[in-house]
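Please read the structure below before turning to the comments.
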Amino acid sequence: IIKSYPDSKIILLLRDPIEVIPSSISLITGLLRKLFGFETLSNETKSLFYSNLYQASLFFYQSLHRLLSDKSGIEENLLPVYYKNLKNDFISTMNQIVDFLEIKNTTKLKDELLQQENKQRTFKSGHQYSLEEFGLEERRIREDFKFFYDNYDV
C-alpha cells in the first residue's frame with residue numbers, strides 16, 4: 001500500500017492472540033453454521049478446521065511481526081494501536097489517531113468522542129466463545145506466540 005500510495009496513513013490494530021484467535025474462529029464457524037451446516041461435520045473435521053485456522057493466525061502474526069521489525073521506512077505511515085488501549089483509554093487513543101491522521105480536533109469531534117466513550121462503558125458484546133470449545137489452550141498460545149508477546153504490549 002505504501003509503495004503505491006506513499007502518503008497513505010495506516011492504522012494497525014494490535015490485539016492479544018488469546019482474544020483474537022477464538023473470536024475469529026467463532027465468527028467464521030458461526031457464518032459456516034448459517035450457510036453450510038458446519039455443525040453437521042464430524043468432530044475430527046471440525047478439529048482439523050480449527051487447527052488450520054490456528055496455523056493461519058500464527059502465520060499472520062509472524063508475518064506482521066516481520067513487517068514491523070523490518071519497518072523499511074514505514075514508521076511515518078503506520079500507527080500501531082493497541083486494542084486494550086482503545087478499550088481502556090479511549091479518548092487518549094483516539095486523540096493519537098486524530099493527530100496521526102492530521103484531523104482537526106474540533107469541539108464537535110471531541111463531543112462525539114466523549115459520547116462514544118460513554119457508550120463503550122456500557123456495551124457488552126453478545127459474541128461468546130472460549131478457547132476450550134476450539135481445542136485451544138492459553139499455555140500453547142503463549143508459547144507459540146511468544147515472539148509477539150515479547151515485542152508488543154498486547
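Every chain in the C-alpha cells takes a letter, A first, then B, and so on in the order presented; its residues are numbered from 1, and the ligands are numbered from 1 following the presented order.
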
- Task: Assign secondary structure with DSSP using the backbone only, and return the residues of segment 9-138 of chain A in strand (DSSP E) as a ChimeraX atom specification.
- Result: /A:10-14,78-82

- Message: Would you pick out the contacts of segment 14-24 of chain A at 9 Å or less, using only C-alpha atoms, so that residues sharing its chain but fewer than 3 positions from it are not included, and give the list as a ChimeraX atom specification?
- Response: /A:27-29,53-54,57-58,61,80-84,127-134,136-138,141-142,145,148-149,152-154

- Message: Based on the backbone DSSP call, show me all residues of segment 21-91 of chain A assigned alpha helix (DSSP H), as a PyMOL selection string.
- Response: chain A and resi 21-36+43-70+83-88+90-91

Please write the residues from the selection above to a file, keeping C-alpha atoms, as a CSV table (one decimal), in the first residue's frame.
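File produced: again_12.csv:
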```csv
chain,number,residue,atom,x,y,z
A,21,ILE,CA,-7.9,-16.5,17.7
A,22,PRO,CA,-11.1,-17.9,19.4
A,23,SER,CA,-13.0,-14.8,18.4
A,24,SER,CA,-12.0,-15.2,14.8
A,25,ILE,CA,-12.8,-18.9,14.8
A,26,SER,CA,-16.1,-18.3,16.4
A,27,LEU,CA,-17.1,-15.7,13.8
A,28,ILE,CA,-16.0,-17.9,10.9
A,29,THR,CA,-17.7,-21.0,12.2
A,30,GLY,CA,-20.9,-19.0,13.0
A,31,LEU,CA,-21.1,-18.0,9.4
A,32,LEU,CA,-20.4,-21.5,8.2
A,33,ARG,CA,-23.1,-22.8,10.5
A,34,LYS,CA,-25.7,-20.5,8.9
A,35,LEU,CA,-24.6,-21.1,5.4
A,36,PHE,CA,-23.4,-24.7,5.2
A,43,ASN,CA,-15.7,-33.6,15.3
A,44,GLU,CA,-12.5,-34.7,13.6
A,45,THR,CA,-13.2,-32.5,10.6
A,46,LYS,CA,-14.1,-29.5,12.9
A,47,SER,CA,-10.9,-30.1,14.9
A,48,LEU,CA,-8.8,-30.1,11.7
A,49,PHE,CA,-10.6,-26.9,10.6
A,50,TYR,CA,-9.9,-25.2,13.9
A,51,SER,CA,-6.2,-26.3,13.7
A,52,ASN,CA,-5.9,-24.8,10.2
A,53,LEU,CA,-7.4,-21.5,11.4
A,54,TYR,CA,-5.0,-21.5,14.3
A,55,GLN,CA,-2.0,-22.1,12.0
A,56,ALA,CA,-3.2,-19.3,9.7
A,57,SER,CA,-3.4,-17.0,12.7
A,58,LEU,CA,0.1,-17.9,13.7
A,59,PHE,CA,1.4,-17.3,10.1
A,60,PHE,CA,-0.4,-13.9,10.1
A,61,TYR,CA,1.1,-12.8,13.4
A,62,GLN,CA,4.6,-14.0,12.3
A,63,SER,CA,4.3,-12.1,9.0
A,64,LEU,CA,3.1,-9.0,10.9
A,65,HIS,CA,6.0,-9.2,13.3
A,66,ARG,CA,8.5,-9.5,10.4
A,67,LEU,CA,7.0,-6.4,8.7
A,68,LEU,CA,7.0,-4.4,11.9
A,69,SER,CA,10.5,-5.5,12.8
A,70,ASP,CA,11.9,-4.6,9.4
A,83,TYR,CA,-6.9,-2.8,21.4
A,84,LYS,CA,-6.6,-2.7,25.1
A,85,ASN,CA,-5.8,1.0,25.0
A,86,LEU,CA,-8.7,1.6,22.7
A,87,LYS,CA,-11.0,-0.1,25.3
A,88,ASN,CA,-9.4,1.3,28.5
A,90,PHE,CA,-10.5,5.5,24.5
A,91,ILE,CA,-10.1,9.3,24.4
```

- Message: Report, in Å with one decimal, the straight-line distance from atom CA of Leu78 of chain A to atom CA of Lys9 of chain A.
- Response: 6.0 Å

- Work out how far apart atom CA of Val98 of chain A and atom CA of Leu113 of chain A are and give it in Å to one decimal. 10.8 Å

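When atom CA of Gln115 of chain A is paired with atom CA of Leu101 of chain A, their separation reads 20.7 Å.
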